[in-house]
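Q: Structure: structure.txt, compact mmCIF, C-alpha atoms.
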# COMPACT_ATOMS: atom_id res chain seq x y z
CA MET A 1 0.00 0.00 0.00
CA TRP A 2 2.72 2.44 1.08
CA GLN A 3 4.88 1.26 -1.82
CA GLU A 4 2.20 2.29 -4.35
CA LEU A 5 1.57 5.58 -2.58
CA SER A 6 5.25 6.54 -2.43
CA GLY A 7 5.58 5.52 -6.09
CA LYS A 8 2.66 7.76 -6.93
CA ILE A 9 4.11 10.70 -4.98
CA VAL A 10 7.53 10.47 -6.62
CA LEU A 11 6.70 9.36 -10.15
CA GLU A 12 3.36 11.11 -10.78
CA TRP A 13 3.07 14.11 -8.45
CA LEU A 14 6.71 15.14 -8.43
CA GLY A 15 7.20 13.95 -11.98
CA PHE A 16 10.57 12.20 -11.50
CA SER A 17 11.32 9.39 -13.86
CA GLY A 18 14.00 7.02 -15.03
CA ARG A 19 16.89 6.03 -12.80
CA PHE A 20 16.65 9.16 -10.70
CA GLY A 21 12.94 8.63 -10.09
CA ASP A 22 13.64 5.02 -9.16
CA ALA A 23 16.27 6.05 -6.62
CA VAL A 24 14.05 8.77 -5.08
CA HIS A 25 11.11 6.39 -4.88
CA PHE A 26 13.29 3.77 -3.21
CA PHE A 27 14.64 6.34 -0.74
CA LEU A 28 11.23 7.68 0.26
CA TYR A 29 9.65 4.25 0.49
CA ASP A 30 12.46 2.65 2.51
CA THR A 31 13.11 5.55 4.89
CA ILE A 32 9.48 5.92 5.94
CA LYS A 33 8.95 2.17 6.14
CA ILE A 34 12.03 1.66 8.32
CA TRP A 35 11.25 4.61 10.57
CA PHE A 36 7.77 3.25 11.14
CA LEU A 37 9.04 -0.26 11.89
CA LEU A 38 11.82 1.03 14.12
CA LEU A 39 9.39 3.06 16.20
CA SER A 40 6.90 0.22 16.59
CA ILE A 41 9.39 -2.60 17.23
CA ILE A 42 11.60 -0.62 19.59
CA PHE A 43 8.50 0.46 21.48
CA ALA A 44 7.26 -3.13 21.75
CA VAL A 45 10.65 -4.41 22.91
CA SER A 46 11.14 -1.53 25.37
CA PHE A 47 7.67 -2.15 26.79
CA LEU A 48 8.34 -5.87 27.32
CA ARG A 49 11.65 -4.99 28.91
CA THR A 50 10.05 -2.99 31.67
CA TRP A 51 9.36 -6.36 33.30
CA PHE A 52 12.96 -7.51 33.05
CA ASN A 53 16.18 -6.08 34.32
CA THR A 54 19.66 -7.45 34.72
CA GLU A 55 19.26 -7.82 38.48
CA LYS A 56 16.28 -10.15 38.00
CA VAL A 57 18.11 -12.15 35.34
CA ARG A 58 21.08 -12.54 37.64
CA ALA A 59 18.93 -13.76 40.51
CA TYR A 60 17.41 -16.29 38.15
CA LEU A 61 20.72 -17.48 36.67
CA ALA A 62 22.50 -17.79 40.01
CA GLY A 63 22.97 -21.43 40.89
CA LYS A 64 21.95 -22.81 37.48
CA ARG A 65 24.09 -25.59 36.05
CA GLU A 66 26.54 -24.68 33.33
CA PHE A 67 24.99 -25.86 30.08
CA THR A 68 21.43 -24.94 31.09
CA GLY A 69 22.83 -21.66 32.31
CA ASN A 70 24.40 -20.91 28.92
CA ILE A 71 21.07 -21.48 27.17
CA LEU A 72 19.09 -19.37 29.63
CA ALA A 73 21.68 -16.57 29.61
CA ALA A 74 21.61 -16.39 25.81
CA VAL A 75 17.80 -16.28 25.75
CA PHE A 76 17.68 -13.59 28.44
CA GLY A 77 20.16 -11.63 26.34
CA ILE A 78 17.32 -10.98 23.89
CA ILE A 79 14.95 -9.39 26.37
CA THR A 80 17.24 -7.58 28.78
CA PRO A 81 18.33 -4.06 27.99
CA PHE A 82 22.06 -3.82 27.52
CA CYS A 83 24.42 -1.02 26.73
CA THR A 84 28.16 -1.25 26.26
CA CYS A 85 28.64 1.23 29.08
CA SER A 86 27.19 -1.28 31.56
CA ALA A 87 29.37 -4.21 30.48
CA ILE A 88 31.68 -3.94 33.51
CA PRO A 89 29.09 -3.74 36.30
CA LEU A 90 27.24 -6.55 34.56
CA PHE A 91 30.30 -8.76 34.28
CA LEU A 92 31.34 -8.17 37.90
CA GLY A 93 27.77 -8.51 39.10
CA PHE A 94 27.43 -11.93 37.50
CA LEU A 95 30.74 -13.06 39.01
CA GLN A 96 29.66 -11.67 42.36
CA ALA A 97 26.65 -14.00 42.27
CA ARG A 98 29.10 -16.79 41.37
CA ILE A 99 27.57 -17.37 37.95
CA PRO A 100 30.12 -19.33 35.86
CA ILE A 101 32.25 -17.19 33.55
CA GLY A 102 31.10 -19.11 30.45
CA VAL A 103 27.46 -18.38 31.28
CA THR A 104 28.33 -14.70 31.74
CA PHE A 105 29.91 -14.67 28.30
CA SER A 106 26.85 -16.31 26.75
CA PHE A 107 24.91 -13.31 28.01
CA LEU A 108 27.57 -10.85 26.87
CA ILE A 109 27.50 -12.29 23.34
CA SER A 110 23.74 -12.54 23.05
CA ALA A 111 22.73 -9.16 24.50
CA PRO A 112 24.35 -6.85 21.91
CA LEU A 113 23.74 -9.32 19.07
CA ASN A 114 20.01 -9.34 19.74
CA ASN A 115 19.58 -5.63 20.35
CA GLU A 116 16.29 -4.00 19.48
CA ILE A 117 17.73 -1.85 16.69
CA ALA A 118 19.23 -4.80 14.84
CA ILE A 119 16.03 -6.82 15.20
CA ALA A 120 13.85 -3.95 14.00
CA MET A 121 16.09 -3.22 11.01
CA LEU A 122 16.31 -6.87 10.01
CA PHE A 123 12.58 -7.34 10.28
CA GLY A 124 11.90 -4.21 8.26
CA LEU A 125 14.41 -4.96 5.53
CA PHE A 126 14.54 -8.73 5.22
CA GLY A 127 11.28 -10.01 6.72
CA TRP A 128 10.61 -12.34 9.61
CA LYS A 129 12.31 -15.42 8.18
CA ILE A 130 15.77 -13.87 8.00
CA THR A 131 15.18 -12.22 11.37
CA ALA A 132 14.35 -15.62 12.88
CA ILE A 133 17.43 -17.17 11.28
CA TYR A 134 19.59 -14.33 12.59
CA ILE A 135 18.24 -14.66 16.14
CA GLY A 136 18.41 -18.47 16.03
CA PHE A 137 22.02 -18.60 14.91
CA GLY A 138 22.88 -15.69 17.18
CA LEU A 139 21.64 -17.72 20.14
CA PHE A 140 23.59 -20.71 18.88
CA VAL A 141 26.84 -18.70 18.75
CA ALA A 142 26.15 -17.23 22.20
CA ILE A 143 25.40 -20.59 23.83
CA LEU A 144 28.26 -22.48 22.23
CA GLY A 145 30.75 -19.59 22.46
CA GLY A 146 30.06 -19.08 26.17
CA TRP A 147 30.25 -22.79 26.81
CA ILE A 148 33.61 -23.09 25.04
CA ILE A 149 35.04 -20.12 26.96
CA GLY A 150 33.92 -21.90 30.12
CA ARG A 151 36.06 -24.91 29.15
CA PHE A 152 39.24 -22.81 29.11
CA ASN A 153 39.85 -22.09 32.82
CA VAL A 154 39.85 -18.35 32.25
CA GLU A 155 39.06 -17.30 35.83
CA LYS A 156 42.70 -16.31 36.28
CA TYR A 157 42.31 -13.69 33.54
CA VAL A 158 39.82 -11.65 35.54
CA LEU A 159 42.05 -8.91 36.88
CA ILE A 160 40.18 -7.90 40.01
CA THR A 161 38.88 -10.04 42.81
CA VAL A 162 35.16 -10.04 43.28
CA PRO A 163 33.93 -10.92 46.76
CA PRO A 164 30.74 -12.98 46.79
CA LEU A 165 27.48 -11.25 47.66
CA SER A 166 26.79 -11.15 51.34
CA GLY A 167 23.29 -12.35 52.05
CA ASP A 168 20.51 -12.85 49.54
CA LEU A 169 20.22 -11.13 46.21
CA GLU A 170 18.08 -8.08 46.74
CA LEU A 171 15.76 -6.96 43.97
CA PRO A 172 14.53 -3.43 43.35
CA THR A 173 11.31 -3.00 45.29
CA TYR A 174 9.43 -0.51 43.17
CA LYS A 175 6.75 -1.93 40.83
CA PRO A 176 5.75 0.60 38.18
CA ALA A 177 2.11 0.99 37.12
CA PHE A 178 0.96 0.19 33.58
CA THR A 179 0.99 3.80 32.41
CA GLU A 180 4.47 4.26 33.84
CA ARG A 181 5.66 1.29 31.81
CA VAL A 182 4.13 2.78 28.66
CA ASN A 183 5.75 6.14 29.39
CA GLU A 184 9.12 4.56 30.06
CA ALA A 185 8.94 2.50 26.86
CA TRP A 186 7.96 5.57 24.86
CA SER A 187 10.74 7.74 26.25
CA ASN A 188 13.25 4.97 25.56
CA THR A 189 11.94 4.62 22.01
CA ARG A 190 12.27 8.36 21.49
CA ASP A 191 15.85 8.38 22.81
CA ILE A 192 16.94 5.56 20.51
CA PHE A 193 15.11 6.93 17.50
CA ARG A 194 16.68 10.34 17.96
CA LYS A 195 20.10 8.71 17.91
CA ILE A 196 19.62 6.66 14.75
CA TYR A 197 17.05 8.24 12.44
CA LEU A 198 19.74 10.18 10.56
CA TRP A 199 21.85 7.07 10.15
CA VAL A 200 18.86 5.34 8.62
CA MET A 201 18.49 8.17 6.10
CA VAL A 202 22.18 8.08 5.22
CA GLY A 203 22.16 4.29 4.87
CA VAL A 204 19.00 4.26 2.77
CA GLY A 205 20.30 7.18 0.72
CA VAL A 206 23.50 5.41 -0.23
CA GLY A 207 21.45 2.26 -0.75
CA ALA A 208 19.08 4.13 -3.05
CA TRP A 209 22.01 5.40 -5.07
CA PHE A 210 23.38 1.86 -5.35
CA HIS A 211 19.91 0.68 -6.26
CA GLY A 212 19.54 3.17 -9.10
CA TYR A 213 23.06 3.52 -10.41
CA VAL A 214 25.49 0.76 -9.49
CA PRO A 215 25.17 -2.22 -11.84
CA ALA A 216 24.65 -5.65 -10.32
CA GLU A 217 27.78 -7.01 -12.01
CA PHE A 218 29.93 -4.55 -10.07
CA ILE A 219 28.61 -5.78 -6.73
CA ALA A 220 28.68 -9.41 -7.77
CA THR A 221 32.36 -8.96 -8.57
CA TYR A 222 33.39 -7.18 -5.38
CA ALA A 223 30.91 -8.15 -2.65
CA GLY A 224 29.09 -11.12 -4.06
CA GLY A 225 30.28 -14.29 -5.59
CA ASP A 226 31.22 -17.39 -3.67
CA ALA A 227 34.94 -16.73 -3.39
CA TRP A 228 36.13 -18.08 -0.03
CA TYR A 229 37.34 -14.69 1.21
CA THR A 230 34.01 -12.84 1.03
CA VAL A 231 32.93 -14.08 4.48
CA PRO A 232 36.13 -13.14 6.38
CA VAL A 233 36.23 -9.79 4.60
CA ALA A 234 32.57 -9.17 5.53
CA VAL A 235 33.35 -9.97 9.19
CA LEU A 236 36.43 -7.74 9.29
CA MET A 237 34.50 -4.86 7.78
CA GLY A 238 31.74 -5.30 10.34
CA ILE A 239 33.92 -4.85 13.44
CA PRO A 240 34.32 -1.05 13.44
CA MET A 241 30.68 -0.38 12.54
CA TYR A 242 28.98 -1.12 15.84
CA SER A 243 27.46 2.27 16.46
CA SER A 244 26.02 2.60 13.00
CA ALA A 245 24.11 -0.68 12.63
CA ALA A 246 21.05 1.34 11.63
CA GLY A 247 22.89 2.90 8.73
CA VAL A 248 24.69 -0.22 7.58
CA MET A 249 21.76 -2.58 7.28
CA PRO A 250 19.92 -0.75 4.46
CA LEU A 251 23.14 -1.04 2.46
CA VAL A 252 23.31 -4.75 3.08
CA GLU A 253 19.74 -5.11 1.83
CA VAL A 254 20.65 -3.51 -1.48
CA LEU A 255 23.84 -5.54 -1.73
CA THR A 256 21.95 -8.81 -1.31
CA GLN A 257 19.37 -7.77 -3.91
CA LYS A 258 22.22 -7.14 -6.26
CA GLY A 259 23.95 -10.43 -5.76
CA MET A 260 25.77 -10.50 -2.43
CA LEU A 261 25.27 -13.94 -0.92
CA LEU A 262 23.01 -14.13 2.11
CA GLY A 263 25.60 -15.95 4.22
CA SER A 264 28.14 -13.17 3.73
CA ALA A 265 25.42 -10.64 4.56
CA LEU A 266 24.45 -12.49 7.77
CA SER A 267 28.10 -12.74 8.86
CA PHE A 268 28.55 -9.07 8.22
CA MET A 269 25.50 -8.04 10.22
CA MET A 270 26.44 -10.29 13.14
CA ALA A 271 29.97 -8.86 13.10
CA VAL A 272 28.51 -5.35 13.23
CA THR A 273 26.47 -6.08 16.35
CA ALA A 274 28.45 -8.75 18.23
CA LEU A 275 32.05 -7.64 17.74
CA SER A 276 32.21 -4.21 19.27
CA LEU A 277 35.57 -2.52 19.74
CA PRO A 278 34.27 -0.07 22.38
CA GLU A 279 33.05 -3.03 24.43
CA ALA A 280 36.46 -4.71 24.16
CA ILE A 281 38.20 -1.53 25.30
CA ILE A 282 35.87 -1.16 28.27
CA LEU A 283 36.28 -4.79 29.28
CA LYS A 284 40.04 -4.44 29.12
CA GLN A 285 39.90 -2.57 32.42
CA ILE A 286 38.92 -5.76 34.23
CA LEU A 287 39.92 -8.61 31.90
CA HIS A 288 43.30 -9.77 30.65
CA ILE A 289 43.82 -9.14 26.95
CA ARG A 290 44.10 -12.90 26.39
CA LEU A 291 40.55 -13.48 27.58
CA ILE A 292 39.22 -10.67 25.39
CA ALA A 293 41.13 -12.08 22.42
CA LEU A 294 39.64 -15.51 23.09
CA PHE A 295 36.16 -13.96 23.37
CA PHE A 296 36.57 -12.18 20.02
CA ALA A 297 38.18 -15.18 18.33
CA ILE A 298 35.35 -17.52 19.30
CA ILE A 299 32.62 -15.15 18.09
CA THR A 300 34.53 -14.51 14.87
CA VAL A 301 34.89 -18.22 14.13
CA GLY A 302 31.21 -18.74 14.99
CA ILE A 303 29.79 -16.08 12.71
CA MET A 304 32.17 -16.97 9.91
CA GLY A 305 30.99 -20.56 10.18
CA ILE A 306 27.40 -19.36 9.82
CA GLY A 307 28.35 -17.35 6.75
CA PHE A 308 30.06 -20.30 5.09
CA ILE A 309 27.19 -22.67 5.86
CA PHE A 310 24.66 -20.27 4.38
CA ASN A 311 26.69 -19.50 1.30
CA THR A 312 27.00 -23.20 0.64
CA ILE A 313 23.40 -24.32 1.21
CA LEU A 314 21.45 -21.34 -0.15
CA MET B 1 15.64 10.37 54.97
CA LYS B 2 18.63 9.59 52.79
CA ILE B 3 18.55 9.12 49.01
CA GLU B 4 21.52 7.70 47.14
CA ILE B 5 21.96 7.80 43.38
CA LEU B 6 24.17 4.98 42.13
CA GLY B 7 26.00 5.68 38.91
CA THR B 8 29.45 5.70 37.40
CA GLY B 9 28.98 8.98 35.60
CA CYS B 10 26.79 8.09 32.64
CA ALA B 11 24.45 10.70 31.16
CA LYS B 12 21.38 8.96 32.57
CA CYS B 13 22.87 9.01 36.06
CA ASN B 14 23.20 12.79 35.97
CA GLU B 15 19.66 13.05 34.67
CA LEU B 16 18.36 10.97 37.54
CA GLU B 17 20.26 13.09 40.03
CA MET B 18 18.56 16.22 38.68
CA LYS B 19 15.14 14.60 38.92
CA VAL B 20 15.83 13.55 42.49
CA LYS B 21 16.79 17.10 43.42
CA GLN B 22 13.58 18.42 41.85
CA ALA B 23 11.51 15.78 43.61
CA VAL B 24 13.06 16.60 46.97
CA ALA B 25 12.50 20.31 46.45
CA GLN B 26 8.86 19.69 45.53
CA SER B 27 8.20 17.38 48.45
CA GLY B 28 9.58 19.90 50.91
CA LYS B 29 11.02 17.11 53.03
CA PHE B 30 14.40 17.16 54.69
CA VAL B 31 16.45 14.72 52.65
CA GLN B 32 20.13 13.98 52.42
CA ILE B 33 21.15 13.33 48.80
CA GLU B 34 24.31 11.45 48.01
CA LYS B 35 25.81 10.42 44.70
CA VAL B 36 27.64 7.09 44.78
CA SER B 37 30.08 6.50 41.95
CA ASP B 38 32.38 3.93 43.53
CA LEU B 39 31.86 0.68 41.66
CA GLN B 40 32.55 -1.52 44.68
CA LYS B 41 29.88 0.30 46.67
CA ILE B 42 27.40 0.04 43.82
CA MET B 43 28.10 -3.68 43.56
CA GLY B 44 27.61 -3.89 47.30
CA TYR B 45 24.00 -2.86 46.77
CA GLY B 46 23.65 -5.66 44.22
CA VAL B 47 23.01 -3.17 41.41
CA MET B 48 24.33 -3.85 37.91
CA SER B 49 22.34 -1.54 35.69
CA THR B 50 22.94 2.07 36.54
CA PRO B 51 21.51 4.50 37.43
CA GLY B 52 20.20 2.94 40.60
CA LEU B 53 18.14 4.64 43.26
CA VAL B 54 18.50 3.76 46.94
CA ILE B 55 16.19 5.19 49.59
CA ASP B 56 17.18 4.65 53.22
CA GLY B 57 19.46 1.77 52.28
CA LYS B 58 16.84 -0.02 50.14
CA VAL B 59 17.30 -0.39 46.37
CA VAL B 60 14.06 0.81 44.80
CA SER B 61 14.91 1.09 41.11
CA THR B 62 17.68 0.25 38.68
CA GLY B 63 18.62 1.04 35.11
CA LYS B 64 16.29 3.93 34.41
CA VAL B 65 15.66 7.61 34.78
CA LEU B 66 12.56 8.07 36.90
CA SER B 67 10.13 10.95 36.64
CA VAL B 68 9.81 13.48 39.45
CA ASP B 69 6.35 12.12 40.33
CA GLU B 70 7.62 8.56 40.52
CA ILE B 71 10.41 9.58 42.86
CA ILE B 72 8.00 11.49 45.10
CA SER B 73 5.72 8.46 45.34
CA MET B 74 8.73 6.29 46.22
CA MET B 75 9.69 8.67 49.00
CA GLY B 76 6.28 7.91 50.52
Taking this structure as input, can you express it in the form of structure tokens?

A:
Amino acid sequence: MWQELSGKIVLEWLGFSGRFGDAVHFFLYDTIKIWFLLLSIIFAVSFLRTWFNTEKVRAYLAGKREFTGNILAAVFGIITPFCTCSAIPLFLGFLQARIPIGVTFSFLISAPLNNEIAIAMLFGLFGWKITAIYIGFGLFVAILGGWIIGRFNVEKYVLITVPPLSGDLELPTYKPAFTERVNEAWSNTRDIFRKIYLWVMVGVGVGAWFHGYVPAEFIATYAGGDAWYTVPVAVLMGIPMYSSAAGVMPLVEVLTQKGMLLGSALSFMMAVTALSLPEAIILKQILHIRLIALFFAIITVGIMGIGFIFNTIL
Amino acid sequence: MKIEILGTGCAKCNELEMKVKQAVAQSGKFVQIEKVSDLQKIMGYGVMSTPGLVIDGKVVSTGKVLSVDEIISMMG
């Protein structure tokens, strides 16, 4: 419906035509569509999250056995709010409750990977199937990655000693009313949207230009194809782009339409969200560089594996 | 009454501190406000997501900026 309307606005009312008209139509259609989806999905996720917080998750994970703990931690990573700035208190808090280090890492991999912006963008651009595949394999990497880290005796690489909690875990006592939850979700949605709406426009703009002007053969040669190196290159390129996931994903959409393989695209998007340099730098204050390197290496191998599998079977 | 704001200096922590000051001024009560930025102390309260709000030694809220009205209702 919106596609026809935006086509009408650009091609009939404004009288653009040809390649330029195509690009403008694409830009208008995609920007508005993604803004709408971002607002609604981020609101829905923020609203659900008012029932969860990291303290509750910790109380629930404390005392769980390792493998079960990895699974639960990864799943909770989807619904708990997480920002890179809280990585240290979170890490120490989990250790304080004597949650195994591997389980903590399962959470630390899953939480940024399954952030609300990435989910909203994926859903808007690629539909629910790809979103489900992304979340499913994201969980898989988080569970397995955390579990493997747990096998490596890495406790000695935590640079500060964390005394166990004295007494029971205390949970925040205040229970917000329904309207307060709605307000909180809305203000959170507004904050996030304000940070990323420009990125979406830039990403869609460059995408629209690609869409209208760059021939498919060009992309197939440089980003597509099934050469073995496309997946590692996609992952490497994704690492420095953490803060601009909203701008990068519209580009990936256009690249896949023009011949980039879906596995390379998935690897790239997971690298953007899961491998964050700022997070590594923050964690370096409390973790030995070897542990951070292991953490990054395991995620990298995991998402590259996913890319290869998808490029081969699809 | 004593209100503590737990936070390591993030933007949201400063926002919460401002709201608390407004709430206290509006309530007209005599309240001691303290900002806690020492990570060990914050961990001691069992709080991981900052900003946290502690009233008379009890953690009432974590990880969000509360409105002035909410803070007043928490002060009881």

Q: Which residues of chain B have any atom within 7 Å of an atom in chain A when counting all atoms listed in the file, and what is the closest pair of atoms for each, with the distance in Å to one decimal? Order the rows by chain and rising number and write it as JSON lines.

A:
{"residue": "B:Met43", "atom": "CA", "partner": "A:Gly93", "partner_atom": "CA", "distance": 6.6}
{"residue": "B:Gly46", "atom": "CA", "partner": "A:Glu170", "partner_atom": "CA", "distance": 6.6}
{"residue": "B:Val47", "atom": "CA", "partner": "A:Glu55", "partner_atom": "CA", "distance": 6.7}
{"residue": "B:Met48", "atom": "CA", "partner": "A:Pro89", "partner_atom": "CA", "distance": 5.0}
{"residue": "B:Ser49", "atom": "CA", "partner": "A:Ser86", "partner_atom": "CA", "distance": 6.4}
{"residue": "B:Val59", "atom": "CA", "partner": "A:Pro172", "partner_atom": "CA", "distance": 5.1}
{"residue": "B:Val60", "atom": "CA", "partner": "A:Pro172", "partner_atom": "CA", "distance": 4.5}
{"residue": "B:Ser61", "atom": "CA", "partner": "A:Pro172", "partner_atom": "CA", "distance": 5.1}
{"residue": "B:Thr62", "atom": "CA", "partner": "A:Pro172", "partner_atom": "CA", "distance": 6.7}

Q: Using only C-alpha atoms, which residues sit within 9 Å of Asn114 in chain A once same-chain residues fewer than 5 positions away are excluded, as an MDAnalysis selection string?

A: chainID A and resid 77:79 109 119 134:135 138:139 273:274

Q: Using all atoms listed in the file, which residue out of A:Leu291, A:Ala185, A:Leu108, A:Leu251 lies closest to Lys64 in chain B?

A: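 Counting all atoms listed in the file, the residue closest to Lys64 in chain B is A:Ala185.
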
Q: Report as a PyMOL selection string all protein, DNA and RNA residues lying within 10 Å of range 38-47 of chain A, evaluated on all atoms listed in the file, omitting residues in the same chain fewer than 6 positions from it.

A: chain A and resi 32+78-81+115-124+178+181-190+192-193+196-197+200+246

Q: Between CA of Ile133 in chain A and CA of Ala297 in chain A, what is the distance in Å, rounded to a tenth?

A: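 Separating CA of Ile133 in chain A from CA of Ala297 in chain A is a distance of 22.0 Å.
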
Q: In Å, rounded to a single decimal, give me how far CA of Ala59 in chain A is from CA of Ile71 in chain B.

A: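 These two atoms are separated by 25.0 Å.
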
Q: Using all atoms listed in the file, which of B:Phe30, B:Ala23, B:Lys35, B:Val65 sits nearest Gly9 in chain B?

A: B:Lys35

Q: CA of Ile306 in chain A to CA of Ser267 in chain A: how many Å, to one decimal?

A: 6.7 Å

Q: Closest to Glu4 in chain A among A:Val158, A:Ala293, A:Ile101, A:Leu28, using only C-alpha atoms?

A: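 Result for the nearest residue to Glu4 in chain A: A:Leu28.
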
Q: Measuring between only C-alpha atoms, which one of B:Ser27, B:Asp56, B:Thr50, B:Val68 shows the shortest distance to Cys10 in chain B?

A: B:Thr50

Q: Mind checking which residues fall within 12 Å of Gln22 in chain B, counting all atoms listed in the file, ignoring those fewer than 2 positions away in the same chain, and posting them as a list in words?

A: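 Within the cut-off, the hits are Glu15, Leu16, Glu17, Met18, Lys19, Val20, Val24, Ala25, Gln26, Ser27, Gly28, Lys29, Val31, Ile33, Leu66, Ser67, Val68, Asp69, Glu70, Ile71 and Ile72 of chain B.
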
Q: Using only C-alpha atoms, which protein or nucleic acid residues come within 8 Å of range 10-26 of chain A? Drop anything in the same chain fewer than 2 positions from it, and give the result as a VMD selection string.

A: chain A and resid 6 to 8 28 to 30 208 to 209 211 to 213

Q: Keeping only C-alpha atoms, write those residues as an mmCIF file, in the frame of the given file.

A:
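Contents of the output file part.cif:
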data_model
loop_
_atom_site.group_PDB
_atom_site.id
_atom_site.type_symbol
_atom_site.label_atom_id
_atom_site.label_comp_id
_atom_site.auth_asym_id
_atom_site.auth_seq_id
_atom_site.Cartn_x
_atom_site.Cartn_y
_atom_site.Cartn_z
ATOM 1 C CA SER A 6 5.250 6.540 -2.430
ATOM 2 C CA GLY A 7 5.580 5.520 -6.090
ATOM 3 C CA LYS A 8 2.660 7.760 -6.930
ATOM 4 C CA LEU A 28 11.230 7.680 0.260
ATOM 5 C CA TYR A 29 9.650 4.250 0.490
ATOM 6 C CA ASP A 30 12.460 2.650 2.510
ATOM 7 C CA ALA A 208 19.080 4.130 -3.050
ATOM 8 C CA TRP A 209 22.010 5.400 -5.070
ATOM 9 C CA HIS A 211 19.910 0.680 -6.260
ATOM 10 C CA GLY A 212 19.540 3.170 -9.100
ATOM 11 C CA TYR A 213 23.060 3.520 -10.410
#

Q: Choose the residue, out of A:Phe152, A:Pro232, A:Asn70, A:Gly305, that has the smallest atom-to-atom separation from Phe268 in chain A; count all atoms listed in the file.

A: A:Pro232

Q: List every protein, DNA or RNA residue that has an atom no more than 8 Å from (23.2, -19.2, 44.8) in the file's coordinate frame, counting all atoms listed in the file, and report them as JSON, numbers by chain.

A: {"A": [62, 63, 97, 98]}

Q: Just the selected residues (C-alpha atoms), exported as a PDB file, in the coordinates of the input, please.

A:
ATOM      1  CA  ALA A  62      22.500 -17.790  40.010  1.00  0.00           C
ATOM      2  CA  GLY A  63      22.970 -21.430  40.890  1.00  0.00           C
ATOM      3  CA  ALA A  97      26.650 -14.000  42.270  1.00  0.00           C
ATOM      4  CA  ARG A  98      29.100 -16.790  41.370  1.00  0.00           C
TER       5      ARG A  98
END
